[in-house]
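Engineer: Here it is: the structure, laid out below.
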Amino acid sequence: MSRIVFSNLSKRIVTSLLGAAAMVTCIAWSQWTYLVLFSGICFFSLREFYLLSVRDGYLVQRVIGMASGLAVFLLSFFVSAKIIDHRYYYLLFPLASLIFLLKLYAKTEAKPFTNIAYTYLGIIYIAVPFALLNIAAFEGGYYNPQVILGCLFILWAADIGAYFAGSIFGKNKLFERISPKKSWEGVIGGVLLSASVGVVLSCRFDTLEAWKWMSIVVIMVVCGVYGDLVESLMKRSMEIKDSGNALPGHGGFLDRFDGLFISAPFIVAFLEIFHK
């Protein structure tokens, strides 16, 4: 049993280090490598979500759903980068409307509107948060990787702190009905480590003031926990353990980036209101 646990931990650490190095490099290198990175993550996350929906018995429109989701992300990037005008956002409405039109030709579906709803859910749950990250990436009118990197560092610190504190000290369950393994001790460990990272960021990154970095720490920790619980709720409803096996030791893309899905809207709202 100990060998299995060690093996899983080893896979988790190797995948984390390689993935983190690739992500940091792409984000820091240029806006174009950032675009390629998050386009790929968005694509595979959407694909994973729709495959799980089909597995759960829903006849979602995967192609149009993934195309619409990527369109949301790409349009947000090019508008935020001031490469195209914001009026091109209106292209999203006829594209999204195709989901309804195509369902008219599906003669054998018993509940077409339920399947339409799940198609839209993938766009709202995954593509929209990634699209909002573009606004944070271009905060100030130009590409600046500091906010995105800072958010990821805080999120990773919260995950690492929660994982080890929960494994060592975890006794009091956080939300046993949905996620039996998560504990209050794990949350506290995540808070302490992410707060430490927030202090370092406030000293090293000059894009935001210290209080704003610490505010993002609070947002990331709280929303990260809820994002993880939301994804656990989805997996429990589908009776699966992991959303996929693309990332050894971590499961799938939804397992790895669930914290961003919930936190991104709150972070962008905070920056747009309080950062000038």
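Residue numbers start at 1 in each chain; chains themselves are named A, B, ... in the order of the structure tokens; ligands are numbered from 1 in the order shown.
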May I have the residues within 9 Å of A:Val218 as a list of chain:residue names, using only C-alpha atoms and disregarding those fewer than 5 positions away in the same chain?
Structural biologist: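 The residues satisfying every condition are A:Val191, A:Ser194, A:Ala195, A:Trp213, A:Cys223.
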Engineer: Using only C-alpha atoms, find each residue of stretch 95-206 of chain A with at least one atom at most 10 Å away from an atom of stretch 76-82 of chain A; report its shortest atom-to-atom pair and that distance in Å (one decimal), sort the rows by chain and rising residue number, and return the result as a Markdown table.
Structural biologist:
```
| residue | atom | partner | partner_atom | distance |
| --- | --- | --- | --- | --- |
| A:Val128 | CA | A:Ser76 | CA | 9.2 |
| A:Phe130 | CA | A:Ser76 | CA | 9.1 |
| A:Ala131 | CA | A:Ser76 | CA | 5.5 |
| A:Leu132 | CA | A:Ser76 | CA | 7.4 |
| A:Leu133 | CA | A:Phe77 | CA | 8.8 |
| A:Asn134 | CA | A:Phe77 | CA | 5.4 |
| A:Ile135 | CA | A:Ser80 | CA | 6.0 |
| A:Ala136 | CA | A:Ser80 | CA | 9.1 |
| A:Ala137 | CA | A:Ser80 | CA | 8.4 |
| A:Phe138 | CA | A:Ser80 | CA | 6.1 |
| A:Glu139 | CA | A:Ser80 | CA | 8.6 |
| A:Gly141 | CA | A:Ala81 | CA | 7.4 |
| A:Tyr142 | CA | A:Ala81 | CA | 6.7 |
| A:Tyr143 | CA | A:Ala81 | CA | 7.2 |
```
Engineer: Apply DSSP to the structure's backbone, then extract all residues of stretch 113-243 of chain A labelled strand (DSSP E) and return them as a list in words.
Structural biologist: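 The residues of stretch 113-243 of chain A classed as strand (DSSP E) are Lys173, Leu174, Phe175, Ser179, Pro180, Lys181, Lys182 and Ser183 of chain A.
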Engineer: Of the candidates A:Pro145, A:Gly198, A:Gly259, A:Gly189, which shows the shortest atom-to-atom distance to A:Val24, using only C-alpha atoms?
Structural biologist: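 Nearest to A:Val24: A:Pro145.
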Engineer: From the options A:Val72, A:Leu193, A:Ala127, A:Ala264, which residue's atoms come nearest to A:Arg47, counting only C-alpha atoms?
Structural biologist: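 Closest residue, counting only C-alpha atoms: A:Ala127.
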Engineer: Residues within 9 Å of A:Tyr118, please, as a list in words. Count only C-alpha atoms; anything in the same chain fewer than 4 positions from it doesn't count.
Structural biologist: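 Those residues are Tyr50, Ser53, Tyr58, Leu59, Val60, Gln61, Phe113, Thr114, Gly122 and Ile123 of chain A.
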Engineer: To test your reading of the structure, identify every residue in stretch 25-220 of chain A that backbone DSSP assigns to alpha helix (DSSP H), and report it as an mmCIF file with C-alpha atoms, in the first residue's frame.
Structural biologist:
```
data_model
loop_
_atom_site.group_PDB
_atom_site.id
_atom_site.type_symbol
_atom_site.label_atom_id
_atom_site.label_comp_id
_atom_site.auth_asym_id
_atom_site.auth_seq_id
_atom_site.Cartn_x
_atom_site.Cartn_y
_atom_site.Cartn_z
ATOM 1 C CA THR A 25 7.770 29.568 -19.571
ATOM 2 C CA CYS A 26 4.860 30.030 -21.980
ATOM 3 C CA ILE A 27 3.212 32.763 -19.915
ATOM 4 C CA ALA A 28 6.442 34.686 -19.311
ATOM 5 C CA TRP A 29 7.815 34.320 -22.861
ATOM 6 C CA GLN A 31 1.551 36.869 -25.398
ATOM 7 C CA TRP A 32 1.615 34.387 -28.278
ATOM 8 C CA THR A 33 3.001 31.498 -26.259
ATOM 9 C CA TYR A 34 0.454 32.408 -23.578
ATOM 10 C CA LEU A 35 -2.238 32.205 -26.267
ATOM 11 C CA VAL A 36 -1.077 28.784 -27.468
ATOM 12 C CA LEU A 37 -0.879 27.461 -23.898
ATOM 13 C CA PHE A 38 -4.327 28.504 -22.745
ATOM 14 C CA SER A 39 -5.957 27.700 -26.081
ATOM 15 C CA GLY A 40 -4.698 24.145 -25.604
ATOM 16 C CA ILE A 41 -5.838 23.963 -21.978
ATOM 17 C CA CYS A 42 -9.242 25.369 -22.914
ATOM 18 C CA PHE A 43 -9.597 22.913 -25.805
ATOM 19 C CA PHE A 44 -8.713 19.813 -23.780
ATOM 20 C CA SER A 45 -10.816 20.925 -20.806
ATOM 21 C CA LEU A 46 -13.858 21.383 -23.064
ATOM 22 C CA ARG A 47 -13.192 18.055 -24.750
ATOM 23 C CA GLU A 48 -12.962 16.323 -21.379
ATOM 24 C CA PHE A 49 -16.180 17.911 -20.131
ATOM 25 C CA TYR A 50 -18.157 16.924 -23.213
ATOM 26 C CA LEU A 51 -16.779 13.372 -23.192
ATOM 27 C CA LEU A 52 -17.894 13.018 -19.579
ATOM 28 C CA SER A 53 -21.318 14.416 -20.479
ATOM 29 C CA VAL A 54 -21.704 11.858 -23.270
ATOM 30 C CA ARG A 55 -20.570 9.124 -20.904
ATOM 31 C CA ARG A 62 -19.309 18.518 -28.932
ATOM 32 C CA VAL A 63 -18.044 20.109 -32.126
ATOM 33 C CA ILE A 64 -20.142 23.264 -31.980
ATOM 34 C CA GLY A 65 -19.666 23.471 -28.202
ATOM 35 C CA MET A 66 -15.878 23.276 -28.453
ATOM 36 C CA ALA A 67 -15.836 25.669 -31.427
ATOM 37 C CA SER A 68 -17.979 28.174 -29.544
ATOM 38 C CA GLY A 69 -15.868 27.852 -26.401
ATOM 39 C CA LEU A 70 -12.618 28.405 -28.276
ATOM 40 C CA ALA A 71 -14.194 31.317 -30.136
ATOM 41 C CA VAL A 72 -15.074 32.935 -26.806
ATOM 42 C CA PHE A 73 -11.485 32.551 -25.604
ATOM 43 C CA LEU A 74 -9.832 33.683 -28.847
ATOM 44 C CA LEU A 75 -12.087 36.691 -29.338
ATOM 45 C CA SER A 76 -11.443 37.761 -25.752
ATOM 46 C CA PHE A 77 -7.697 37.514 -26.358
ATOM 47 C CA PHE A 78 -7.643 39.500 -29.597
ATOM 48 C CA VAL A 79 -10.000 42.165 -28.251
ATOM 49 C CA SER A 80 -8.016 42.481 -24.998
ATOM 50 C CA LEU A 92 -20.557 34.782 -30.737
ATOM 51 C CA PHE A 93 -24.336 35.137 -30.770
ATOM 52 C CA PRO A 94 -25.036 33.552 -34.189
ATOM 53 C CA LEU A 95 -22.414 30.891 -33.469
ATOM 54 C CA ALA A 96 -24.057 29.980 -30.163
ATOM 55 C CA SER A 97 -27.496 30.027 -31.811
ATOM 56 C CA LEU A 98 -26.430 27.216 -34.133
ATOM 57 C CA ILE A 99 -26.712 24.867 -31.157
ATOM 58 C CA PHE A 100 -30.500 25.324 -31.223
ATOM 59 C CA LEU A 101 -30.788 25.065 -34.993
ATOM 60 C CA LEU A 102 -28.790 21.847 -35.271
ATOM 61 C CA LYS A 103 -30.930 20.168 -32.621
ATOM 62 C CA PRO A 112 -33.055 17.894 -26.694
ATOM 63 C CA PHE A 113 -33.177 20.965 -24.452
ATOM 64 C CA THR A 114 -31.393 19.119 -21.650
ATOM 65 C CA ASN A 115 -28.624 18.261 -24.113
ATOM 66 C CA ILE A 116 -28.528 21.883 -25.308
ATOM 67 C CA ALA A 117 -28.175 23.019 -21.697
ATOM 68 C CA TYR A 118 -25.173 20.744 -21.141
ATOM 69 C CA THR A 119 -23.576 22.058 -24.330
ATOM 70 C CA TYR A 120 -23.909 25.622 -23.055
ATOM 71 C CA LEU A 121 -22.756 24.575 -19.589
ATOM 72 C CA GLY A 122 -19.369 23.553 -20.977
ATOM 73 C CA VAL A 128 -15.787 31.924 -20.123
ATOM 74 C CA PRO A 129 -13.394 31.800 -17.109
ATOM 75 C CA PHE A 130 -10.424 31.237 -19.437
ATOM 76 C CA ALA A 131 -11.615 34.132 -21.600
ATOM 77 C CA LEU A 132 -11.776 36.363 -18.530
ATOM 78 C CA LEU A 133 -8.134 35.558 -17.773
ATOM 79 C CA ASN A 134 -7.255 37.479 -20.943
ATOM 80 C CA ILE A 135 -8.617 40.638 -19.350
ATOM 81 C CA ALA A 136 -6.279 40.093 -16.395
ATOM 82 C CA ALA A 137 -3.370 39.324 -18.730
ATOM 83 C CA GLN A 146 2.610 39.138 -13.660
ATOM 84 C CA VAL A 147 -1.068 38.872 -12.700
ATOM 85 C CA ILE A 148 -1.547 35.499 -14.414
ATOM 86 C CA LEU A 149 1.680 34.098 -12.979
ATOM 87 C CA GLY A 150 0.845 35.455 -9.548
ATOM 88 C CA CYS A 151 -2.602 33.866 -9.581
ATOM 89 C CA LEU A 152 -1.153 30.517 -10.620
ATOM 90 C CA PHE A 153 1.583 30.657 -7.965
ATOM 91 C CA ILE A 154 -1.049 31.387 -5.308
ATOM 92 C CA LEU A 155 -3.332 28.630 -6.575
ATOM 93 C CA TRP A 156 -0.496 26.099 -6.681
ATOM 94 C CA ALA A 157 0.631 27.100 -3.182
ATOM 95 C CA ALA A 158 -2.912 26.646 -1.884
ATOM 96 C CA ASP A 159 -3.104 23.187 -3.495
ATOM 97 C CA ILE A 160 0.302 22.108 -2.168
ATOM 98 C CA GLY A 161 -0.353 23.438 1.334
ATOM 99 C CA ALA A 162 -3.773 21.807 1.448
ATOM 100 C CA TYR A 163 -2.488 18.476 0.119
ATOM 101 C CA PHE A 164 0.331 18.037 2.623
ATOM 102 C CA ALA A 165 -1.408 19.616 5.632
ATOM 103 C CA GLY A 166 -4.493 17.531 4.939
ATOM 104 C CA SER A 167 -2.454 14.344 4.511
ATOM 105 C CA ILE A 168 -0.531 14.869 7.747
ATOM 106 C CA PHE A 169 -2.977 16.643 10.060
ATOM 107 C CA TRP A 184 -10.246 22.027 7.528
ATOM 108 C CA GLU A 185 -6.595 21.377 8.378
ATOM 109 C CA GLY A 186 -5.877 21.144 4.666
ATOM 110 C CA VAL A 187 -7.619 24.469 4.044
ATOM 111 C CA ILE A 188 -5.572 26.111 6.797
ATOM 112 C CA GLY A 189 -2.352 24.704 5.310
ATOM 113 C CA GLY A 190 -3.365 26.091 1.916
ATOM 114 C CA VAL A 191 -4.129 29.504 3.406
ATOM 115 C CA LEU A 192 -0.776 29.738 5.188
ATOM 116 C CA LEU A 193 1.334 28.737 2.197
ATOM 117 C CA SER A 194 -0.597 30.854 -0.324
ATOM 118 C CA ALA A 195 -0.446 33.869 2.016
ATOM 119 C CA SER A 196 3.337 33.441 2.183
ATOM 120 C CA VAL A 197 3.489 33.393 -1.612
ATOM 121 C CA GLY A 198 1.278 36.499 -1.693
ATOM 122 C CA VAL A 199 3.787 38.344 0.504
ATOM 123 C CA VAL A 200 6.646 37.353 -1.822
ATOM 124 C CA LEU A 201 4.649 38.453 -4.884
ATOM 125 C CA SER A 202 3.947 41.850 -3.342
ATOM 126 C CA CYS A 203 7.723 42.322 -2.979
ATOM 127 C CA ARG A 204 8.774 40.976 -6.387
ATOM 128 C CA ALA A 210 0.481 44.497 -1.534
ATOM 129 C CA TRP A 211 -3.139 44.697 -0.345
ATOM 130 C CA LYS A 212 -4.366 43.713 -3.803
ATOM 131 C CA TRP A 213 -2.110 40.654 -3.888
ATOM 132 C CA MET A 214 -3.398 39.628 -0.470
ATOM 133 C CA SER A 215 -6.963 40.185 -1.662
ATOM 134 C CA ILE A 216 -6.252 37.874 -4.586
ATOM 135 C CA VAL A 217 -4.898 35.326 -2.095
ATOM 136 C CA VAL A 218 -8.249 35.379 -0.277
ATOM 137 C CA ILE A 219 -10.159 35.092 -3.559
ATOM 138 C CA MET A 220 -7.984 32.262 -4.856
#
```
